[in-house]
>>> print(open('target_39.cif').read())   # mmCIF, C-alpha atoms
data_work
loop_
_atom_site.label_atom_id
_atom_site.label_comp_id
_atom_site.auth_asym_id
_atom_site.auth_seq_id
_atom_site.Cartn_x
_atom_site.Cartn_y
_atom_site.Cartn_z
CA MET A 21 0.00 0.00 0.00
CA MET A 22 2.84 2.38 0.89
CA LYS A 23 4.55 1.69 -2.47
CA LEU A 24 1.28 2.41 -4.27
CA LYS A 25 0.83 5.73 -2.45
CA CYS A 26 4.41 6.73 -3.24
CA SER A 27 3.91 5.80 -6.87
CA ILE A 28 0.78 7.95 -7.09
CA LEU A 29 2.58 10.85 -5.39
CA VAL A 30 5.49 10.63 -7.81
CA LYS A 31 3.09 10.61 -10.75
CA LEU A 32 1.24 13.64 -9.41
CA LEU A 33 4.47 15.54 -8.84
CA THR A 34 5.65 14.63 -12.32
CA LEU A 35 2.39 15.85 -13.84
CA ASN A 36 2.67 19.13 -11.93
CA ILE A 37 6.24 19.65 -13.14
CA LEU A 38 5.25 18.84 -16.70
CA ALA A 39 2.31 21.26 -16.48
CA VAL A 40 4.64 24.08 -15.43
CA LEU A 41 7.15 23.23 -18.13
CA CYS A 42 4.45 23.07 -20.79
CA ALA A 43 3.00 26.39 -19.70
CA SER A 44 6.43 28.01 -19.91
CA GLN A 45 7.20 26.55 -23.33
CA GLN A 46 4.05 27.42 -25.22
CA PHE A 47 4.40 31.16 -25.66
CA ASP A 48 5.28 32.50 -29.10
CA PHE A 49 7.06 35.80 -28.46
CA PHE A 50 7.66 38.53 -25.89
CA TYR A 51 6.32 42.04 -25.66
CA PHE A 52 9.07 44.27 -24.33
CA VAL A 53 7.30 47.28 -22.85
CA GLN A 54 8.85 50.61 -21.94
CA GLN A 55 6.94 53.32 -20.11
CA TRP A 56 7.29 57.11 -20.16
CA PRO A 57 7.26 58.27 -16.50
CA GLY A 58 5.92 61.74 -17.31
CA SER A 59 2.73 60.22 -18.73
CA TYR A 60 2.31 57.86 -15.80
CA CYS A 61 2.57 60.74 -13.34
CA ASP A 62 0.29 62.99 -15.42
CA SER A 63 -2.58 60.50 -15.28
CA LYS A 64 -2.48 59.17 -11.73
CA GLU A 65 -0.83 59.68 -8.39
CA CYS A 66 2.80 58.64 -8.61
CA CYS A 67 5.53 58.22 -6.03
CA TYR A 68 9.26 58.10 -6.67
CA PRO A 69 11.23 55.07 -5.44
CA ASN A 70 13.22 55.33 -2.22
CA THR A 71 16.29 55.82 -4.40
CA GLY A 72 14.88 59.15 -5.63
CA LYS A 73 13.34 60.56 -8.80
CA PRO A 74 14.09 58.35 -11.82
CA ALA A 75 15.93 59.78 -14.80
CA SER A 76 13.94 61.56 -17.48
CA ASP A 77 13.95 58.48 -19.67
CA PHE A 78 11.76 55.55 -20.61
CA GLY A 79 11.71 52.89 -17.92
CA ILE A 80 11.09 49.18 -18.27
CA HIS A 81 7.57 48.04 -17.49
CA GLY A 82 8.04 44.39 -18.38
CA LEU A 83 9.05 41.53 -20.63
CA TRP A 84 5.82 39.64 -21.25
CA PRO A 85 5.38 36.22 -22.91
CA ASN A 86 2.55 36.29 -25.43
CA TYR A 87 0.69 34.08 -27.89
CA ASN A 88 0.22 34.78 -31.58
CA ASP A 89 -3.54 35.02 -31.06
CA GLY A 90 -3.10 37.97 -28.70
CA SER A 91 -3.69 36.11 -25.44
CA TYR A 92 -0.93 35.41 -22.93
CA PRO A 93 0.07 32.99 -20.17
CA SER A 94 0.46 34.23 -16.62
CA ASN A 95 1.45 33.01 -13.16
CA CYS A 96 2.83 29.78 -14.60
CA ASP A 97 4.61 28.64 -11.44
CA PRO A 98 3.36 30.14 -8.16
CA GLN A 99 6.09 28.17 -6.37
CA SER A 100 8.82 30.17 -8.10
CA GLN A 101 8.94 33.31 -6.01
CA PHE A 102 11.09 36.35 -6.68
CA ASP A 103 14.49 36.14 -4.98
CA PRO A 104 16.47 39.42 -4.96
CA SER A 105 19.69 37.54 -4.21
CA LYS A 106 19.53 35.93 -7.65
CA ILE A 107 19.87 39.32 -9.36
CA SER A 108 22.18 41.01 -6.87
CA ASP A 109 24.77 41.72 -9.57
CA LEU A 110 22.09 43.57 -11.57
CA THR A 111 20.74 45.68 -8.71
CA SER A 112 22.28 49.03 -9.65
CA ARG A 113 21.20 48.69 -13.29
CA ILE A 114 17.71 47.49 -12.52
CA GLN A 115 17.08 50.25 -9.98
CA LYS A 116 17.93 52.78 -12.67
CA GLU A 117 16.17 51.16 -15.64
CA TRP A 118 13.15 49.46 -14.01
CA PRO A 119 11.80 51.85 -11.35
CA SER A 120 8.38 51.64 -9.76
CA LEU A 121 6.26 54.80 -9.72
CA ALA A 122 3.43 53.24 -7.72
CA CYS A 123 2.47 54.69 -4.36
CA PRO A 124 3.56 54.51 -1.64
CA SER A 125 7.28 54.92 -2.32
CA SER A 126 9.12 51.64 -2.28
CA ASP A 127 12.41 49.87 -2.90
CA ASN A 128 10.98 48.50 -6.21
CA LEU A 129 11.02 44.89 -4.98
CA ASP A 130 7.24 44.47 -5.09
CA PHE A 131 7.20 45.66 -8.72
CA TRP A 132 9.96 43.30 -9.79
CA SER A 133 8.38 40.44 -7.85
CA HIS A 134 5.04 41.03 -9.61
CA GLU A 135 6.69 41.02 -13.03
CA TRP A 136 8.60 37.83 -12.30
CA VAL A 137 5.69 35.87 -10.81
CA LYS A 138 3.09 36.97 -13.37
CA HIS A 139 5.24 37.01 -16.51
CA GLY A 140 8.75 35.72 -15.91
CA THR A 141 7.64 32.33 -14.61
CA CYS A 142 6.05 31.69 -18.01
CA SER A 143 9.42 31.90 -19.75
CA MET A 144 11.36 29.51 -17.51
CA SER A 145 11.87 26.97 -20.29
CA ASP A 146 14.33 29.47 -21.79
CA LEU A 147 15.21 31.96 -19.05
CA ASP A 148 15.85 31.54 -15.35
CA GLN A 149 15.20 34.46 -13.01
CA HIS A 150 18.60 36.06 -13.52
CA ASP A 151 18.43 35.64 -17.30
CA TYR A 152 14.93 37.13 -17.41
CA PHE A 153 15.95 40.39 -15.77
CA ALA A 154 19.30 40.52 -17.56
CA MET A 155 17.58 40.11 -20.94
CA ALA A 156 15.18 42.95 -20.19
CA LEU A 157 18.06 45.22 -19.20
CA ASN A 158 19.97 44.31 -22.35
CA LEU A 159 16.91 45.08 -24.48
CA LYS A 160 16.59 48.47 -22.79
CA GLU A 161 20.20 49.19 -23.68
CA GLN A 162 19.60 48.02 -27.24
CA ILE A 163 16.39 50.04 -27.68
CA ASP A 164 17.15 53.60 -26.57
CA LEU A 165 13.74 55.07 -27.32
CA LEU A 166 14.42 58.57 -26.05
CA GLN A 167 17.54 58.89 -28.19
CA VAL A 168 15.68 57.52 -31.21
CA LEU A 169 12.83 59.99 -30.81
CA GLU A 170 14.99 63.01 -30.09
CA LYS A 171 17.10 62.24 -33.12
CA SER A 172 13.91 62.73 -35.14
CA GLY A 173 13.08 66.00 -33.40
CA ILE A 174 10.53 64.50 -31.00
CA HIS A 175 11.22 65.70 -27.48
CA PRO A 176 9.53 65.28 -24.06
CA ASN A 177 8.63 68.94 -23.79
CA GLY A 178 4.85 68.91 -23.55
CA GLU A 179 4.43 69.47 -27.29
CA VAL A 180 1.96 67.56 -29.46
CA TYR A 181 3.34 65.27 -32.15
CA ASP A 182 1.85 63.25 -34.97
CA LEU A 183 1.39 59.62 -33.92
CA GLY A 184 2.57 58.40 -37.32
CA SER A 185 5.78 60.40 -36.98
CA ILE A 186 6.49 58.78 -33.61
CA LYS A 187 5.96 55.29 -35.02
CA ASP A 188 8.08 56.07 -38.08
CA ALA A 189 10.92 57.42 -35.93
CA ILE A 190 10.98 54.30 -33.76
CA LYS A 191 10.83 51.98 -36.77
CA GLU A 192 13.64 53.86 -38.46
CA GLY A 193 15.73 53.79 -35.28
CA THR A 194 15.16 50.14 -34.37
CA GLY A 195 14.29 48.50 -37.66
CA TYR A 196 10.97 47.20 -36.31
CA THR A 197 7.38 48.43 -36.01
CA PRO A 198 6.32 49.52 -32.51
CA TRP A 199 2.90 49.60 -30.94
CA ILE A 200 2.10 52.76 -29.02
CA GLU A 201 -0.15 52.83 -25.97
CA CYS A 202 -1.60 56.18 -24.91
CA ASN A 203 -3.25 57.41 -21.76
CA ARG A 204 -4.89 60.72 -20.87
CA ASP A 205 -3.76 63.44 -18.52
CA GLU A 206 -6.07 65.22 -16.09
CA SER A 207 -7.16 67.58 -18.88
CA GLY A 208 -8.09 64.69 -21.17
CA ASN A 209 -5.15 65.08 -23.56
CA SER A 210 -3.94 61.89 -25.25
CA GLN A 211 -0.28 61.31 -24.45
CA LEU A 212 2.54 58.90 -25.25
CA TYR A 213 2.49 56.35 -22.44
CA GLN A 214 4.06 53.01 -23.39
CA VAL A 215 5.95 51.56 -26.34
CA TYR A 216 5.70 47.84 -27.17
CA MET A 217 8.37 46.07 -29.20
CA CYS A 218 8.32 42.35 -30.00
CA VAL A 219 11.13 39.93 -29.16
CA ASP A 220 11.69 36.26 -29.98
CA THR A 221 11.37 33.56 -27.32
CA SER A 222 15.10 33.71 -26.51
CA GLY A 223 14.52 37.23 -25.21
CA SER A 224 17.38 38.63 -27.27
CA ASN A 225 16.25 39.38 -30.84
CA LEU A 226 13.72 41.96 -32.00
CA ILE A 227 11.08 40.70 -34.43
CA GLU A 228 8.06 42.16 -36.19
CA CYS A 229 5.04 41.77 -33.94
CA PRO A 230 2.77 38.85 -34.89
CA VAL A 231 -0.13 40.73 -33.28
CA PHE A 232 -0.63 44.08 -31.58
CA PRO A 233 -2.60 44.74 -28.38
CA HIS A 234 -6.05 46.32 -28.54
CA GLY A 235 -6.61 50.04 -28.12
CA LYS A 236 -5.64 53.11 -30.06
CA CYS A 237 -4.29 56.62 -29.67
CA SER A 238 -5.42 59.93 -31.10
CA SER A 239 -3.73 60.92 -34.36
CA SER A 240 -1.81 63.61 -32.45
CA ILE A 241 -0.44 62.94 -28.97
CA GLU A 242 1.42 64.85 -26.30
CA PHE A 243 4.91 63.91 -25.15
CA PRO A 244 4.96 65.38 -21.62
CA SER A 245 8.03 66.40 -19.72
CA PHE A 246 9.20 64.61 -16.59
#
>>> encode(input="target_39.cif", output="structure tokens")
Amino acid sequence: MMKLKCSILVKLLTLNILAVLCASQQFDFFYFVQQWPGSYCDSKECCYPNTGKPASDFGIHGLWPNYNDGSYPSNCDPQSQFDPSKISDLTSRIQKEWPSLACPSSDNLDFWSHEWVKHGTCSMSDLDQHDYFAMALNLKEQIDLLQVLEKSGIHPNGEVYDLGSIKDAIKEGTGYTPWIECNRDESGNSQLYQVYMCVDTSGSNLIECPVFPHGKCSSSIEFPSF
């Protein structure tokens, strides 16, 4: 009887492991999402991290596994919790490039933990926790959105710019088509909020997006200062 119980337990554990592995292997690409902090703070209450006000630059929001049909996996392994010690060598870079603007002020750990548990655990067939955050940081270095936009005369100065011009500038600067997410400030003005680029399942190579998220911006949008 004891052998039978052990056999059943082993089978159940194996099935659970396989379920996690399958969930993490079935995504088709990543969305790499960068956020403009000025737009975040224009539309809702924002708080700077304990390390101080972030730089006037796009910050990482996340690296999100996605399916070609537009849906996405999430929370693929609740047992795999965020462990700051596993990314200790990345701490200074990640504090700079991946800050939380949520209130109350924090040390960013809750933000990073949320991104890992919800999204990162679904990419574990290719990336462990360290690789996941390192890949996102490398993509941020590769895709310098602010430099790309300013090179085309598009600056975070509160001016209104043509949405098509913003997309064209990013495509010219990166070689790939972006998707732009807008939000609205307290006056109802549409503004540049987040930029989505697509990345292959290795987390290292930009690709053309198989599908874009839903939603749209006005034809002219504000690029607020920060």
>>> closest_atom_pairs(input="target_39.cif", of="stretch 148-210 of chain A", to="stretch 85-105 of chain A", cutoff="12 Å", atoms="all atoms listed in the file", output="JSON lines")
{"residue": "A:Asp148", "atom": "CA", "partner": "A:Ser100", "partner_atom": "CA", "distance": 10.2}
{"residue": "A:Gln149", "atom": "CA", "partner": "A:Phe102", "partner_atom": "CA", "distance": 7.8}
{"residue": "A:His150", "atom": "CA", "partner": "A:Pro104", "partner_atom": "CA", "distance": 9.4}
{"residue": "A:Tyr152", "atom": "CA", "partner": "A:Pro85", "partner_atom": "CA", "distance": 11.1}
{"residue": "A:Phe153", "atom": "CA", "partner": "A:Pro104", "partner_atom": "CA", "distance": 10.9}
>>> resolve_selection(input="target_39.cif", expression="the PyMOL selection byres ((chain A and resi 63) around 9)", output="PyMOL selection string")
chain A and resi 58-62+64-66+203-206
>>> closest_residue(input="target_39.cif", among="A:Phe47, A:Asp188, A:Gly140, A:Cys67", to="A:Ala156", atoms="all atoms listed in the file")
A:Gly140
>>> closest_residue(input="target_39.cif", among="A:Lys116, A:Lys106, A:Val53, A:Lys160", to="A:Pro74", atoms="only C-alpha atoms")
A:Lys116
>>> resolve_selection(input="target_39.cif", expression="the PyMOL selection byres ((chain A and resi 226) around 12)", output="VMD selection string")
chain A and resid 49 to 52 155 to 156 158 to 160 162 to 163 191 194 to 198 216 to 225 227 to 230
>>> resolve_selection(input="target_39.cif", expression="the PyMOL selection byres ((chain A and resi 125-136) around 7)", output="list in words")
Cys67, Tyr68, Pro69, Asn70, Gly82, Phe102, Pro119, Ser120, Ala122, Cys123, Pro124, Val137, Lys138, His139, Gly140 and Thr141 of chain A
>>> closest_residue(input="target_39.cif", among="A:Asp48, A:Glu242, A:Glu161, A:Asp77", to="A:Ile174", atoms="all atoms listed in the file")
A:Glu242
>>> closest_residue(input="target_39.cif", among="A:Phe243, A:Trp56, A:Trp84, A:Phe78", to="A:Pro176", atoms="only C-alpha atoms")
A:Phe243
>>> closest_residue(input="target_39.cif", among="A:Asn177, A:Ser238, A:Asn209, A:Ser172", to="A:Gly193", atoms="all atoms listed in the file")
A:Ser172
>>> residues_near_point(input="target_39.cif", point="(-1.4, 69.3, -30.2)", cutoff="8 Å", atoms="all atoms listed in the file", output="JSON, numbers by chain")
{"A": [179, 180, 181, 240, 241, 242]}
>>> atom_distance(input="target_39.cif", atom1="atom CA of A:Gln54", atom2="atom CA of A:Ser207")
23.5 Å
>>> atom_distance(input="target_39.cif", atom1="atom CA of A:Ser143", atom2="atom CA of A:Gln46")
8.9 Å
>>> atom_distance(input="target_39.cif", atom1="atom CA of A:Ala75", atom2="atom CA of A:Trp199")
23.1 Å
>>> closest_residue(input="target_39.cif", among="A:Leu166, A:Ile200, A:His234, A:Ser239", to="A:Asp182", atoms="all atoms listed in the file")
A:Ser239
>>> axis_aligned_box(input="target_39.cif", around="stretch 60-69 of chain A", padding_each_side="4 Å", output="AutoDock Vina command-line options")
--center_x 4.3 --center_y 59.0 --center_z -10.6 --size_x 21.8 --size_y 15.9 --size_z 18.4
>>> build_atoms(input="target_39.cif", residues="stretch 166-177 of chain A", atoms="all heavy atoms", output="PDB file, in the coordinates of the input")
ATOM      1  N   LEU A 166      14.321  57.113 -26.162  1.00  0.00           N
ATOM      2  CA  LEU A 166      14.420  58.570 -26.050  1.00  0.00           C
ATOM      3  C   LEU A 166      15.418  59.111 -27.068  1.00  0.00           C
ATOM      4  O   LEU A 166      15.151  60.114 -27.735  1.00  0.00           O
ATOM      5  CB  LEU A 166      14.824  58.972 -24.636  1.00  0.00           C
ATOM      6  CG  LEU A 166      14.828  60.475 -24.361  1.00  0.00           C
ATOM      7  CD1 LEU A 166      13.445  61.077 -24.612  1.00  0.00           C
ATOM      8  CD2 LEU A 166      15.284  60.763 -22.925  1.00  0.00           C
ATOM      9  N   GLN A 167      16.540  58.452 -27.208  1.00  0.00           N
ATOM     10  CA  GLN A 167      17.540  58.890 -28.190  1.00  0.00           C
ATOM     11  C   GLN A 167      16.982  58.799 -29.601  1.00  0.00           C
ATOM     12  O   GLN A 167      17.176  59.705 -30.428  1.00  0.00           O
ATOM     13  CB  GLN A 167      18.794  58.028 -28.065  1.00  0.00           C
ATOM     14  CG  GLN A 167      19.924  58.448 -29.007  1.00  0.00           C
ATOM     15  CD  GLN A 167      21.113  57.527 -28.889  1.00  0.00           C
ATOM     16  OE1 GLN A 167      21.055  56.351 -29.266  1.00  0.00           O
ATOM     17  NE2 GLN A 167      22.203  58.040 -28.344  1.00  0.00           N
ATOM     18  N   VAL A 168      16.268  57.712 -29.882  1.00  0.00           N
ATOM     19  CA  VAL A 168      15.680  57.520 -31.210  1.00  0.00           C
ATOM     20  C   VAL A 168      14.692  58.635 -31.529  1.00  0.00           C
ATOM     21  O   VAL A 168      14.701  59.207 -32.625  1.00  0.00           O
ATOM     22  CB  VAL A 168      14.982  56.137 -31.277  1.00  0.00           C
ATOM     23  CG1 VAL A 168      14.024  56.067 -32.458  1.00  0.00           C
ATOM     24  CG2 VAL A 168      16.016  55.018 -31.372  1.00  0.00           C
ATOM     25  N   LEU A 169      13.835  58.964 -30.572  1.00  0.00           N
ATOM     26  CA  LEU A 169      12.830  59.990 -30.810  1.00  0.00           C
ATOM     27  C   LEU A 169      13.453  61.380 -30.925  1.00  0.00           C
ATOM     28  O   LEU A 169      13.091  62.161 -31.813  1.00  0.00           O
ATOM     29  CB  LEU A 169      11.784  59.963 -29.682  1.00  0.00           C
ATOM     30  CG  LEU A 169      10.870  58.738 -29.663  1.00  0.00           C
ATOM     31  CD1 LEU A 169      10.037  58.702 -28.386  1.00  0.00           C
ATOM     32  CD2 LEU A 169       9.960  58.718 -30.885  1.00  0.00           C
ATOM     33  N   GLU A 170      14.379  61.680 -30.045  1.00  0.00           N
ATOM     34  CA  GLU A 170      14.990  63.010 -30.090  1.00  0.00           C
ATOM     35  C   GLU A 170      15.811  63.213 -31.346  1.00  0.00           C
ATOM     36  O   GLU A 170      15.910  64.336 -31.860  1.00  0.00           O
ATOM     37  CB  GLU A 170      15.835  63.229 -28.831  1.00  0.00           C
ATOM     38  CG  GLU A 170      14.986  63.338 -27.569  1.00  0.00           C
ATOM     39  CD  GLU A 170      15.735  63.895 -26.385  1.00  0.00           C
ATOM     40  OE1 GLU A 170      16.898  63.491 -26.181  1.00  0.00           O
ATOM     41  OE2 GLU A 170      15.158  64.746 -25.671  1.00  0.00           O
ATOM     42  N   LYS A 171      16.364  62.144 -31.869  1.00  0.00           N
ATOM     43  CA  LYS A 171      17.100  62.240 -33.120  1.00  0.00           C
ATOM     44  C   LYS A 171      16.189  62.670 -34.264  1.00  0.00           C
ATOM     45  O   LYS A 171      16.630  63.301 -35.229  1.00  0.00           O
ATOM     46  CB  LYS A 171      17.749  60.879 -33.444  1.00  0.00           C
ATOM     47  CG  LYS A 171      18.670  60.897 -34.664  1.00  0.00           C
ATOM     48  CD  LYS A 171      19.307  59.534 -34.868  1.00  0.00           C
ATOM     49  CE  LYS A 171      20.223  59.549 -36.096  1.00  0.00           C
ATOM     50  NZ  LYS A 171      20.847  58.211 -36.319  1.00  0.00           N
ATOM     51  N   SER A 172      14.898  62.350 -34.127  1.00  0.00           N
ATOM     52  CA  SER A 172      13.910  62.730 -35.140  1.00  0.00           C
ATOM     53  C   SER A 172      13.178  64.018 -34.768  1.00  0.00           C
ATOM     54  O   SER A 172      12.146  64.346 -35.371  1.00  0.00           O
ATOM     55  CB  SER A 172      12.900  61.600 -35.338  1.00  0.00           C
ATOM     56  OG  SER A 172      13.519  60.454 -35.884  1.00  0.00           O
ATOM     57  N   GLY A 173      13.683  64.725 -33.781  1.00  0.00           N
ATOM     58  CA  GLY A 173      13.080  66.000 -33.400  1.00  0.00           C
ATOM     59  C   GLY A 173      11.848  65.884 -32.525  1.00  0.00           C
ATOM     60  O   GLY A 173      11.065  66.828 -32.419  1.00  0.00           O
ATOM     61  N   ILE A 174      11.688  64.732 -31.874  1.00  0.00           N
ATOM     62  CA  ILE A 174      10.530  64.500 -31.000  1.00  0.00           C
ATOM     63  C   ILE A 174      11.030  64.490 -29.566  1.00  0.00           C
ATOM     64  O   ILE A 174      11.754  63.571 -29.158  1.00  0.00           O
ATOM     65  CB  ILE A 174       9.838  63.168 -31.368  1.00  0.00           C
ATOM     66  CG1 ILE A 174       9.345  63.216 -32.823  1.00  0.00           C
ATOM     67  CG2 ILE A 174       8.686  62.873 -30.418  1.00  0.00           C
ATOM     68  CD1 ILE A 174       8.881  61.885 -33.364  1.00  0.00           C
ATOM     69  N   HIS A 175      10.657  65.498 -28.800  1.00  0.00           N
ATOM     70  CA  HIS A 175      11.220  65.700 -27.480  1.00  0.00           C
ATOM     71  C   HIS A 175      10.136  65.689 -26.392  1.00  0.00           C
ATOM     72  O   HIS A 175       8.993  66.109 -26.644  1.00  0.00           O
ATOM     73  CB  HIS A 175      11.962  67.047 -27.417  1.00  0.00           C
ATOM     74  CG  HIS A 175      13.021  67.205 -28.467  1.00  0.00           C
ATOM     75  ND1 HIS A 175      14.274  66.650 -28.345  1.00  0.00           N
ATOM     76  CD2 HIS A 175      13.000  67.860 -29.664  1.00  0.00           C
ATOM     77  CE1 HIS A 175      14.989  66.960 -29.418  1.00  0.00           C
ATOM     78  NE2 HIS A 175      14.244  67.685 -30.234  1.00  0.00           N
ATOM     79  N   PRO A 176      10.494  65.266 -25.169  1.00  0.00           N
ATOM     80  CA  PRO A 176       9.530  65.280 -24.060  1.00  0.00           C
ATOM     81  C   PRO A 176       9.419  66.686 -23.464  1.00  0.00           C
ATOM     82  O   PRO A 176       9.949  66.984 -22.392  1.00  0.00           O
ATOM     83  CB  PRO A 176      10.142  64.293 -23.064  1.00  0.00           C
ATOM     84  CG  PRO A 176      11.617  64.379 -23.307  1.00  0.00           C
ATOM     85  CD  PRO A 176      11.768  64.615 -24.780  1.00  0.00           C
ATOM     86  N   ASN A 177       8.711  67.530 -24.166  1.00  0.00           N
ATOM     87  CA  ASN A 177       8.630  68.940 -23.790  1.00  0.00           C
ATOM     88  C   ASN A 177       7.191  69.438 -23.674  1.00  0.00           C
ATOM     89  O   ASN A 177       6.951  70.643 -23.605  1.00  0.00           O
ATOM     90  CB  ASN A 177       9.391  69.801 -24.806  1.00  0.00           C
ATOM     91  CG  ASN A 177       8.943  69.544 -26.242  1.00  0.00           C
ATOM     92  OD1 ASN A 177       7.916  68.893 -26.469  1.00  0.00           O
ATOM     93  ND2 ASN A 177       9.703  70.027 -27.205  1.00  0.00           N
TER      94      ASN A 177
END
